[in-house]
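Undergrad: PDB, C-alpha atoms, file entry.pdb:
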```pdb
ATOM      1  CA  MET A   1     -63.900 -65.372 -18.037  1.00  0.00           C
ATOM      2  CA  PHE A   2     -60.158 -64.691 -17.794  1.00  0.00           C
ATOM      3  CA  ASP A   3     -60.662 -61.333 -19.525  1.00  0.00           C
ATOM      4  CA  ASP A   4     -63.341 -60.406 -16.985  1.00  0.00           C
ATOM      5  CA  ILE A   5     -60.944 -61.230 -14.142  1.00  0.00           C
ATOM      6  CA  LEU A   6     -58.143 -59.123 -15.633  1.00  0.00           C
ATOM      7  CA  THR A   7     -60.546 -56.215 -16.173  1.00  0.00           C
ATOM      8  CA  ALA A   8     -61.736 -56.278 -12.561  1.00  0.00           C
ATOM      9  CA  ILE A   9     -58.324 -56.354 -10.847  1.00  0.00           C
ATOM     10  CA  PRO A  10     -57.462 -52.633 -11.374  1.00  0.00           C
ATOM     11  CA  PHE A  11     -60.884 -51.609 -10.044  1.00  0.00           C
ATOM     12  CA  GLY A  12     -60.275 -53.572  -6.845  1.00  0.00           C
ATOM     13  CA  ILE A  13     -56.839 -52.018  -6.347  1.00  0.00           C
ATOM     14  CA  ILE A  14     -58.209 -48.496  -6.896  1.00  0.00           C
ATOM     15  CA  LEU A  15     -60.984 -49.197  -4.403  1.00  0.00           C
ATOM     16  CA  ALA A  16     -58.438 -50.336  -1.802  1.00  0.00           C
ATOM     17  CA  PHE A  17     -56.660 -46.987  -2.008  1.00  0.00           C
ATOM     18  CA  THR A  18     -59.785 -44.890  -1.561  1.00  0.00           C
ATOM     19  CA  ILE A  19     -58.529 -42.884   1.399  1.00  0.00           C
ATOM     20  CA  GLY A  20     -61.021 -42.515   4.222  1.00  0.00           C
ATOM     21  CA  PRO A  21     -61.613 -43.393   7.893  1.00  0.00           C
ATOM     22  CA  VAL A  22     -61.387 -47.133   7.123  1.00  0.00           C
ATOM     23  CA  PHE A  23     -57.971 -46.623   5.500  1.00  0.00           C
ATOM     24  CA  PHE A  24     -56.570 -44.817   8.543  1.00  0.00           C
ATOM     25  CA  VAL A  25     -58.006 -47.222  11.108  1.00  0.00           C
ATOM     26  CA  LEU A  26     -56.721 -50.225   9.129  1.00  0.00           C
ATOM     27  CA  LEU A  27     -53.155 -48.863   9.141  1.00  0.00           C
ATOM     28  CA  GLU A  28     -53.348 -47.776  12.766  1.00  0.00           C
ATOM     29  CA  THR A  29     -54.751 -51.145  13.879  1.00  0.00           C
ATOM     30  CA  SER A  30     -51.947 -52.989  12.122  1.00  0.00           C
ATOM     31  CA  VAL A  31     -49.289 -50.777  13.733  1.00  0.00           C
ATOM     32  CA  THR A  32     -50.693 -50.770  17.271  1.00  0.00           C
ATOM     33  CA  LYS A  33     -52.570 -54.084  17.544  1.00  0.00           C
ATOM     34  CA  GLY A  34     -50.823 -56.358  15.070  1.00  0.00           C
ATOM     35  CA  ILE A  35     -51.526 -57.995  11.728  1.00  0.00           C
ATOM     36  CA  THR A  36     -54.210 -60.405  13.007  1.00  0.00           C
ATOM     37  CA  SER A  37     -56.257 -57.569  14.520  1.00  0.00           C
ATOM     38  CA  ALA A  38     -56.007 -55.576  11.288  1.00  0.00           C
ATOM     39  CA  ILE A  39     -57.191 -58.563   9.216  1.00  0.00           C
ATOM     40  CA  ILE A  40     -60.171 -59.100  11.546  1.00  0.00           C
ATOM     41  CA  PHE A  41     -61.069 -55.413  11.227  1.00  0.00           C
ATOM     42  CA  ASP A  42     -60.744 -55.630   7.438  1.00  0.00           C
ATOM     43  CA  LEU A  43     -62.996 -58.698   7.275  1.00  0.00           C
ATOM     44  CA  GLY A  44     -65.702 -56.603   8.940  1.00  0.00           C
ATOM     45  CA  VAL A  45     -65.214 -53.962   6.241  1.00  0.00           C
ATOM     46  CA  ILE A  46     -65.465 -56.608   3.500  1.00  0.00           C
ATOM     47  CA  LEU A  47     -68.660 -57.999   5.045  1.00  0.00           C
ATOM     48  CA  ALA A  48     -70.271 -54.550   4.811  1.00  0.00           C
ATOM     49  CA  ASP A  49     -69.277 -54.425   1.137  1.00  0.00           C
ATOM     50  CA  ILE A  50     -70.816 -57.865   0.550  1.00  0.00           C
ATOM     51  CA  VAL A  51     -74.067 -56.755   2.238  1.00  0.00           C
ATOM     52  CA  PHE A  52     -74.217 -53.693  -0.040  1.00  0.00           C
ATOM     53  CA  ILE A  53     -73.550 -55.865  -3.102  1.00  0.00           C
ATOM     54  CA  LEU A  54     -76.269 -58.377  -2.174  1.00  0.00           C
ATOM     55  CA  VAL A  55     -78.782 -55.569  -1.564  1.00  0.00           C
ATOM     56  CA  ILE A  56     -77.974 -54.045  -4.963  1.00  0.00           C
ATOM     57  CA  PHE A  57     -78.251 -57.357  -6.812  1.00  0.00           C
ATOM     58  CA  LYS A  58     -81.537 -58.204  -5.123  1.00  0.00           C
ATOM     59  CA  SER A  59     -83.095 -54.800  -5.800  1.00  0.00           C
ATOM     60  CA  THR A  60     -81.816 -54.205  -9.344  1.00  0.00           C
ATOM     61  CA  ASP A  61     -82.138 -57.602 -11.066  1.00  0.00           C
ATOM     62  CA  THR A  62     -84.581 -56.221 -13.643  1.00  0.00           C
ATOM     63  CA  LEU A  63     -82.457 -53.140 -14.292  1.00  0.00           C
ATOM     64  CA  LEU A  64     -79.278 -55.168 -14.797  1.00  0.00           C
ATOM     65  CA  ASP A  65     -81.059 -57.449 -17.259  1.00  0.00           C
ATOM     66  CA  LYS A  66     -82.225 -54.410 -19.239  1.00  0.00           C
ATOM     67  CA  ILE A  67     -78.719 -52.940 -19.331  1.00  0.00           C
ATOM     68  CA  LYS A  68     -77.476 -55.993 -21.199  1.00  0.00           C
ATOM     69  CA  ASP A  69     -79.976 -55.302 -23.992  1.00  0.00           C
ATOM     70  CA  ASP A  70     -80.036 -51.495 -23.961  1.00  0.00           C
ATOM     71  CA  PRO A  71     -76.627 -49.750 -23.921  1.00  0.00           C
ATOM     72  CA  LYS A  72     -78.282 -46.379 -23.292  1.00  0.00           C
ATOM     73  CA  LEU A  73     -79.140 -47.472 -19.776  1.00  0.00           C
ATOM     74  CA  LEU A  74     -75.388 -47.471 -19.137  1.00  0.00           C
ATOM     75  CA  VAL A  75     -75.888 -43.735 -18.708  1.00  0.00           C
ATOM     76  CA  PHE A  76     -77.348 -44.598 -15.301  1.00  0.00           C
ATOM     77  CA  GLY A  77     -74.122 -46.217 -14.137  1.00  0.00           C
ATOM     78  CA  GLY A  78     -72.033 -43.433 -15.650  1.00  0.00           C
ATOM     79  CA  VAL A  79     -74.067 -40.759 -13.882  1.00  0.00           C
ATOM     80  CA  LEU A  80     -73.668 -42.612 -10.567  1.00  0.00           C
ATOM     81  CA  LEU A  81     -69.890 -42.757 -10.860  1.00  0.00           C
ATOM     82  CA  VAL A  82     -69.630 -39.160 -12.109  1.00  0.00           C
ATOM     83  CA  ILE A  83     -71.686 -37.958  -9.130  1.00  0.00           C
ATOM     84  CA  TYR A  84     -69.668 -40.134  -6.752  1.00  0.00           C
ATOM     85  CA  GLY A  85     -66.383 -38.864  -8.210  1.00  0.00           C
ATOM     86  CA  LEU A  86     -67.476 -35.218  -8.135  1.00  0.00           C
ATOM     87  CA  ILE A  87     -68.755 -35.409  -4.567  1.00  0.00           C
ATOM     88  CA  SER A  88     -65.528 -37.118  -3.454  1.00  0.00           C
ATOM     89  CA  PHE A  89     -63.406 -34.502  -5.249  1.00  0.00           C
ATOM     90  CA  ILE A  90     -65.368 -31.553  -3.826  1.00  0.00           C
ATOM     91  CA  LYS A  91     -65.320 -33.009  -0.308  1.00  0.00           C
ATOM     92  CA  THR A  92     -61.587 -33.654  -0.608  1.00  0.00           C
ATOM     93  CA  SER A  93     -60.937 -30.077  -1.739  1.00  0.00           C
ATOM     94  CA  LYS A  94     -62.535 -28.851   1.482  1.00  0.00           C
ATOM     95  CA  SER A  95     -61.193 -31.494   3.829  1.00  0.00           C
ATOM     96  CA  PHE A  96     -57.456 -30.869   4.259  1.00  0.00           C
ATOM     97  CA  ARG A  97     -57.866 -29.896   7.908  1.00  0.00           C
ATOM     98  CA  SER A  98     -60.002 -32.946   8.667  1.00  0.00           C
ATOM     99  CA  ILE A  99     -57.388 -35.148   6.953  1.00  0.00           C
ATOM    100  CA  VAL A 100     -54.746 -33.713   9.282  1.00  0.00           C
ATOM    101  CA  ARG A 101     -56.984 -34.401  12.301  1.00  0.00           C
ATOM    102  CA  GLU A 102     -57.701 -37.979  11.172  1.00  0.00           C
ATOM    103  CA  HIS A 103     -54.007 -38.547  10.515  1.00  0.00           C
ATOM    104  CA  HIS A 104     -53.003 -37.566  14.044  1.00  0.00           C
ATOM    105  CA  ARG A 105     -56.022 -38.704  16.041  1.00  0.00           C
ATOM    106  CA  ILE A 106     -57.290 -42.247  15.553  1.00  0.00           C
ATOM    107  CA  GLU A 107     -59.114 -44.032  18.346  1.00  0.00           C
ATOM    108  CA  ILE A 108     -58.519 -47.775  18.427  1.00  0.00           C
ATOM    109  CA  PRO A 109     -60.556 -50.054  20.705  1.00  0.00           C
ATOM    110  CA  LYS A 110     -58.957 -52.593  22.980  1.00  0.00           C
ATOM    111  CA  LYS A 111     -57.604 -55.750  21.394  1.00  0.00           C
ATOM    112  CA  ASP A 112     -60.990 -57.435  21.134  1.00  0.00           C
ATOM    113  CA  TYR A 113     -61.432 -59.311  17.838  1.00  0.00           C
ATOM    114  CA  GLY A 114     -65.231 -59.267  17.976  1.00  0.00           C
ATOM    115  CA  ARG A 115     -65.294 -55.532  18.633  1.00  0.00           C
ATOM    116  CA  LEU A 116     -62.748 -54.887  15.873  1.00  0.00           C
ATOM    117  CA  PHE A 117     -64.835 -56.895  13.394  1.00  0.00           C
ATOM    118  CA  ILE A 118     -68.003 -54.967  14.280  1.00  0.00           C
ATOM    119  CA  LYS A 119     -66.132 -51.658  14.133  1.00  0.00           C
ATOM    120  CA  GLY A 120     -64.885 -52.454  10.610  1.00  0.00           C
ATOM    121  CA  PHE A 121     -68.394 -53.439   9.512  1.00  0.00           C
ATOM    122  CA  LEU A 122     -70.105 -50.359  10.951  1.00  0.00           C
ATOM    123  CA  LEU A 123     -67.438 -47.896   9.824  1.00  0.00           C
ATOM    124  CA  ASN A 124     -67.960 -49.040   6.233  1.00  0.00           C
ATOM    125  CA  PHE A 125     -71.708 -49.695   6.424  1.00  0.00           C
ATOM    126  CA  ILE A 126     -72.652 -46.180   7.566  1.00  0.00           C
ATOM    127  CA  ASN A 127     -70.958 -44.649   4.521  1.00  0.00           C
ATOM    128  CA  ILE A 128     -73.743 -44.311   1.927  1.00  0.00           C
ATOM    129  CA  GLY A 129     -71.099 -43.371  -0.649  1.00  0.00           C
ATOM    130  CA  VAL A 130     -69.886 -46.988  -0.548  1.00  0.00           C
ATOM    131  CA  LEU A 131     -73.342 -48.174  -1.629  1.00  0.00           C
ATOM    132  CA  LEU A 132     -73.383 -45.648  -4.461  1.00  0.00           C
ATOM    133  CA  GLY A 133     -69.909 -46.694  -5.572  1.00  0.00           C
ATOM    134  CA  TRP A 134     -70.753 -50.411  -5.617  1.00  0.00           C
ATOM    135  CA  LEU A 135     -73.910 -49.717  -7.613  1.00  0.00           C
ATOM    136  CA  GLY A 136     -71.801 -47.953 -10.227  1.00  0.00           C
ATOM    137  CA  PHE A 137     -69.213 -50.764 -10.320  1.00  0.00           C
ATOM    138  CA  ILE A 138     -71.923 -53.398 -10.708  1.00  0.00           C
ATOM    139  CA  VAL A 139     -73.369 -51.512 -13.663  1.00  0.00           C
ATOM    140  CA  ILE A 140     -69.872 -51.333 -15.164  1.00  0.00           C
ATOM    141  CA  GLY A 141     -69.368 -55.060 -14.595  1.00  0.00           C
ATOM    142  CA  THR A 142     -72.689 -55.819 -16.266  1.00  0.00           C
ATOM    143  CA  SER A 143     -71.771 -53.748 -19.303  1.00  0.00           C
ATOM    144  CA  ILE A 144     -68.173 -54.795 -19.963  1.00  0.00           C
ATOM    145  CA  THR A 145     -68.100 -58.489 -19.037  1.00  0.00           C
ATOM    146  CA  THR A 146     -68.585 -61.086 -21.743  1.00  0.00           C
ATOM    147  CA  SER A 147     -68.706 -64.492 -20.056  1.00  0.00           C
ATOM    148  CA  LYS A 148     -71.673 -66.209 -18.469  1.00  0.00           C
ATOM    149  CA  ASN A 149     -72.197 -64.814 -14.966  1.00  0.00           C
ATOM    150  CA  GLY A 150     -69.492 -62.294 -15.887  1.00  0.00           C
ATOM    151  CA  VAL A 151     -70.742 -59.608 -13.503  1.00  0.00           C
ATOM    152  CA  PHE A 152     -70.469 -61.996 -10.541  1.00  0.00           C
ATOM    153  CA  ILE A 153     -66.927 -62.930 -11.579  1.00  0.00           C
ATOM    154  CA  PHE A 154     -66.129 -59.221 -11.996  1.00  0.00           C
ATOM    155  CA  ILE A 155     -67.379 -58.276  -8.518  1.00  0.00           C
ATOM    156  CA  ALA A 156     -65.826 -61.337  -6.847  1.00  0.00           C
ATOM    157  CA  THR A 157     -62.474 -60.488  -8.463  1.00  0.00           C
ATOM    158  CA  MET A 158     -62.803 -56.865  -7.355  1.00  0.00           C
ATOM    159  CA  LEU A 159     -63.391 -57.972  -3.758  1.00  0.00           C
ATOM    160  CA  THR A 160     -60.492 -60.437  -3.903  1.00  0.00           C
ATOM    161  CA  SER A 161     -58.008 -57.918  -5.336  1.00  0.00           C
ATOM    162  CA  TYR A 162     -59.327 -55.330  -2.865  1.00  0.00           C
ATOM    163  CA  PHE A 163     -58.699 -57.693   0.073  1.00  0.00           C
ATOM    164  CA  LEU A 164     -55.256 -58.776  -1.205  1.00  0.00           C
ATOM    165  CA  THR A 165     -54.259 -55.126  -1.586  1.00  0.00           C
ATOM    166  CA  ASP A 166     -55.445 -54.518   1.973  1.00  0.00           C
ATOM    167  CA  LEU A 167     -53.237 -57.397   3.144  1.00  0.00           C
ATOM    168  CA  PHE A 168     -50.312 -55.648   1.441  1.00  0.00           C
ATOM    169  CA  LYS A 169     -51.248 -52.388   3.198  1.00  0.00           C
ATOM    170  CA  ILE A 170     -51.444 -54.206   6.536  1.00  0.00           C
ATOM    171  CA  ALA A 171     -48.001 -55.767   6.036  1.00  0.00           C
ATOM    172  CA  MET A 172     -46.538 -52.403   4.982  1.00  0.00           C
ATOM    173  CA  ALA A 173     -48.497 -50.388   7.574  1.00  0.00           C
ATOM    174  CA  LYS A 174     -45.570 -48.786   9.386  1.00  0.00           C
ATOM    175  CA  ARG A 175     -43.870 -47.677   6.182  1.00  0.00           C
ATOM    176  CA  LEU A 176     -47.125 -46.479   4.604  1.00  0.00           C
ATOM    177  CA  LYS A 177     -48.117 -44.581   7.727  1.00  0.00           C
ATOM    178  CA  ASN A 178     -44.813 -42.708   7.713  1.00  0.00           C
ATOM    179  CA  LYS A 179     -44.932 -41.998   3.965  1.00  0.00           C
ATOM    180  CA  LEU A 180     -48.570 -40.890   3.836  1.00  0.00           C
ATOM    181  CA  THR A 181     -48.342 -37.343   5.129  1.00  0.00           C
ATOM    182  CA  PRO A 182     -51.593 -35.319   5.198  1.00  0.00           C
ATOM    183  CA  ARG A 183     -50.557 -33.475   2.014  1.00  0.00           C
ATOM    184  CA  ARG A 184     -49.850 -36.730   0.146  1.00  0.00           C
ATOM    185  CA  ILE A 185     -53.142 -38.169   1.382  1.00  0.00           C
ATOM    186  CA  PHE A 186     -54.911 -35.028   0.154  1.00  0.00           C
ATOM    187  CA  LYS A 187     -53.383 -35.439  -3.314  1.00  0.00           C
ATOM    188  CA  THR A 188     -54.092 -39.192  -3.398  1.00  0.00           C
ATOM    189  CA  LYS A 189     -57.758 -38.638  -2.524  1.00  0.00           C
ATOM    190  CA  LYS A 190     -58.057 -36.161  -5.380  1.00  0.00           C
ATOM    191  CA  ILE A 191     -56.426 -38.549  -7.849  1.00  0.00           C
ATOM    192  CA  VAL A 192     -58.681 -41.446  -6.803  1.00  0.00           C
ATOM    193  CA  SER A 193     -61.760 -39.204  -7.156  1.00  0.00           C
ATOM    194  CA  LEU A 194     -60.662 -38.154 -10.653  1.00  0.00           C
ATOM    195  CA  VAL A 195     -60.034 -41.770 -11.677  1.00  0.00           C
ATOM    196  CA  ILE A 196     -63.558 -42.743 -10.577  1.00  0.00           C
ATOM    197  CA  LEU A 197     -64.904 -39.677 -12.381  1.00  0.00           C
ATOM    198  CA  GLY A 198     -63.035 -40.772 -15.507  1.00  0.00           C
ATOM    199  CA  PHE A 199     -64.610 -44.242 -15.365  1.00  0.00           C
ATOM    200  CA  GLY A 200     -68.015 -42.593 -15.061  1.00  0.00           C
ATOM    201  CA  ILE A 201     -67.422 -40.394 -18.117  1.00  0.00           C
ATOM    202  CA  LEU A 202     -66.232 -43.433 -20.080  1.00  0.00           C
ATOM    203  CA  LEU A 203     -69.403 -45.305 -19.155  1.00  0.00           C
ATOM    204  CA  LEU A 204     -71.523 -42.280 -20.106  1.00  0.00           C
ATOM    205  CA  THR A 205     -69.809 -42.150 -23.495  1.00  0.00           C
ATOM    206  CA  GLN A 206     -70.455 -45.833 -24.028  1.00  0.00           C
ATOM    207  CA  GLY A 207     -74.126 -45.379 -23.172  1.00  0.00           C
ATOM    208  CA  LEU A 208     -74.762 -42.153 -25.110  1.00  0.00           C
ATOM    209  CA  PHE A 209     -72.699 -42.985 -28.201  1.00  0.00           C
ATOM    210  CA  PRO A 210     -72.523 -46.809 -28.424  1.00  0.00           C
ATOM    211  CA  GLU A 211     -71.662 -46.857 -32.144  1.00  0.00           C
ATOM    212  CA  LEU A 212     -68.862 -44.292 -31.740  1.00  0.00           C
ATOM    213  CA  TYR A 213     -67.534 -46.206 -28.740  1.00  0.00           C
ATOM    214  CA  GLU A 214     -67.439 -49.479 -30.670  1.00  0.00           C
ATOM    215  CA  LYS A 215     -65.658 -47.849 -33.633  1.00  0.00           C
ATOM    216  CA  SER A 216     -63.041 -46.315 -31.326  1.00  0.00           C
ATOM    217  CA  LYS A 217     -62.573 -49.662 -29.612  1.00  0.00           C
ATOM    218  CA  GLU A 218     -62.045 -51.393 -32.970  1.00  0.00           C
ATOM    219  CA  GLN A 219     -59.474 -48.775 -34.040  1.00  0.00           C
ATOM    220  CA  ILE A 220     -57.559 -49.200 -30.780  1.00  0.00           C
ATOM    221  CA  GLU A 221     -57.534 -52.973 -31.233  1.00  0.00           C
ATOM    222  CA  LYS A 222     -56.199 -52.576 -34.776  1.00  0.00           C
ATOM    223  CA  VAL A 223     -53.187 -50.522 -33.640  1.00  0.00           C
ATOM    224  CA  ASN A 224     -52.520 -52.636 -30.543  1.00  0.00           C
ATOM    225  CA  PRO A 225     -48.866 -53.778 -30.884  1.00  0.00           C
ATOM    226  CA  LEU A 226     -49.652 -56.970 -28.967  1.00  0.00           C
ATOM    227  CA  ASP A 227     -51.849 -58.100 -31.856  1.00  0.00           C
ATOM    228  CA  ARG A 228     -49.080 -57.730 -34.416  1.00  0.00           C
TER     229      ARG A 228
END
```
Write out the structure in this file as structure tokens.

TA:
Amino acid sequence: MFDDILTAIPFGIILAFTIGPVFFVLLETSVTKGITSAIIFDLGVILADIVFILVIFKSTDTLLDKIKDDPKLLVFGGVLLVIYGLISFIKTSKSFRSIVREHHRIEIPKKDYGRLFIKGFLLNFINIGVLLGWLGFIVIGTSITTSKNGVFIFIATMLTSYFLTDLFKIAMAKRLKNKLTPRRIFKTKKIVSLVILGFGILLLTQGLFPELYEKSKEQIEKVNPLDR
């Protein structure tokens, strides 16, 4: 179980730095409305993620059970993440002007906690890419976790590390907002897209060539200095 938790933490951190409208509004809310308002907004975002996750689990129970027994079905998860990464990268390559506009023009509602919570939920819920991304991460969690209920531990840890990273962003909002120029945001979005794409390719490799993947994994473990 501890290994599953450690594996999930980097995924949650990467997810927290996926630059988009939610990222900008979270920083802007913290700067203009205060930490409490930003946390309320973020809880709405997290709720949308939880809804997506529940929908995926309820609709793909049979598929996830099959993945445990048939590594080739991991190709499905790999394809999802590759598509998600490619679409994000292509959109980013064409979106520098929109990044500049988002950076300089964010509309924040009045300091109404209920409205902020709903805004966070809707802003995340209307993004179909979030659903696609969570589907890919759930497939990854199903394939790489080893403990009982490992995928649930994996996703719960992802959400927790995602939320804790958001709390860090909220606390550091003023400094982050000044440091994240449109050009840096543009580069960060590209890097995040490539990282997700890389995870997808890794999953594809594991699904298409399970024996080769296991041999490579064993060789890496043999030369791991921590094991010496």

Undergrad: Evaluate the PyMOL selection byres ((chain A and resi 150-162) around 6) against this structure - the residues, as a PyMOL selection string, please.

TA: chain A and resi 4-5+8-9+12-13+16+141-142+145+147-149+163-165

Undergrad: Quick one: of A:Leu27, A:Leu54, A:Ile126, A:Val195, who's nearest to Phe41 (chain A), counting all atoms listed in the file?

TA: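 Using all atoms listed in the file, Phe41 (chain A) sits closest to A:Leu27.
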
Undergrad: Any chance you could resolve the PyMOL selection byres ((chain A and resi 137) around 12) against this file and give the residues as an NGL selection string?

TA: :A and (7-8 or 10-12 or 14-15 or 52-53 or 56-57 or 64 or 74 or 76-82 or 84 or 130-136 or 138-145 or 151-152 or 154-159 or 196 or 199-200 or 203)

Undergrad: Calculate how many Å separate CA of Val45 (chain A) from CA of Asn124 (chain A), rounding to one decimal.

TA: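 These two atoms are separated by 5.6 Å.
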
Undergrad: Of the candidates A:Val31, A:Asp166, A:Arg184, A:Val51, which one gets nearest to Leu122 (chain A) if we count all atoms listed in the file?

TA: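 Smallest separation from Leu122 (chain A) among the options: A:Val51.
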
Undergrad: Starting from the shown file, work through the PyMOL selection byres ((chain A and resi 22) around 12) and note down what comes out as number ranges by chain.

TA: A: 15-21, 23-29, 38, 41-46, 48, 102-103, 106-108, 116, 119-127, 130, 166

Undergrad: Name the closest residue to Ile201 (chain A) among the candidates A:Leu176, A:Ile83, A:Val55, A:Ile35; distances are taken between atoms, counting all atoms listed in the file.

TA: A:Ile83

Undergrad: To one decimal place in Å, what is the distance between CA of Thr188 (chain A) and CA of Gly34 (chain A)?

TA: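 CA of Gly34 (chain A) lies 25.4 Å from CA of Thr188 (chain A).
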
Undergrad: Quote the spacing between CA of Ile87 (chain A) and CA of Thr60 (chain A) in Å to one decimal place.

TA: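 CA of Thr60 (chain A) lies 23.4 Å from CA of Ile87 (chain A).
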
Undergrad: Could region 110-121 of chain A be completed with N, CA, C and O atoms and returned as a compact mmCIF listing (two decimals), keeping the file's coordinate frame?

TA:
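Below is the file that was written, selection04.txt:
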```txt
# COMPACT_ATOMS: atom_id res chain seq x y z
N LYS A 110 -59.84 -51.59 22.41
CA LYS A 110 -58.96 -52.59 22.98
C LYS A 110 -58.87 -53.79 22.05
O LYS A 110 -59.69 -53.99 21.18
N LYS A 111 -57.84 -54.61 22.27
CA LYS A 111 -57.60 -55.75 21.39
C LYS A 111 -58.68 -56.81 21.62
O LYS A 111 -58.48 -57.82 22.27
N ASP A 112 -59.84 -56.54 21.04
CA ASP A 112 -60.99 -57.44 21.13
C ASP A 112 -61.41 -57.73 19.70
O ASP A 112 -61.93 -56.87 19.00
N TYR A 113 -61.20 -58.98 19.24
CA TYR A 113 -61.43 -59.31 17.84
C TYR A 113 -62.88 -59.08 17.42
O TYR A 113 -63.16 -58.58 16.33
N GLY A 114 -63.82 -59.47 18.30
CA GLY A 114 -65.23 -59.27 17.98
C GLY A 114 -65.56 -57.80 17.81
O GLY A 114 -66.26 -57.40 16.87
N ARG A 115 -65.04 -56.97 18.70
CA ARG A 115 -65.29 -55.53 18.63
C ARG A 115 -64.63 -54.92 17.40
O ARG A 115 -65.19 -54.03 16.76
N LEU A 116 -63.43 -55.39 17.07
CA LEU A 116 -62.75 -54.89 15.87
C LEU A 116 -63.53 -55.24 14.61
O LEU A 116 -63.65 -54.42 13.70
N PHE A 117 -64.06 -56.46 14.56
CA PHE A 117 -64.83 -56.90 13.39
C PHE A 117 -66.08 -56.03 13.23
O PHE A 117 -66.39 -55.55 12.13
N ILE A 118 -66.79 -55.79 14.32
CA ILE A 118 -68.00 -54.97 14.28
C ILE A 118 -67.67 -53.53 13.91
O ILE A 118 -68.39 -52.88 13.14
N LYS A 119 -66.55 -53.03 14.45
CA LYS A 119 -66.13 -51.66 14.13
C LYS A 119 -65.86 -51.51 12.63
O LYS A 119 -66.28 -50.53 12.01
N GLY A 120 -65.16 -52.50 12.04
CA GLY A 120 -64.89 -52.45 10.61
C GLY A 120 -66.17 -52.48 9.80
O GLY A 120 -66.31 -51.72 8.83
N PHE A 121 -67.11 -53.34 10.22
CA PHE A 121 -68.39 -53.44 9.51
C PHE A 121 -69.15 -52.11 9.58
O PHE A 121 -69.60 -51.59 8.55
```
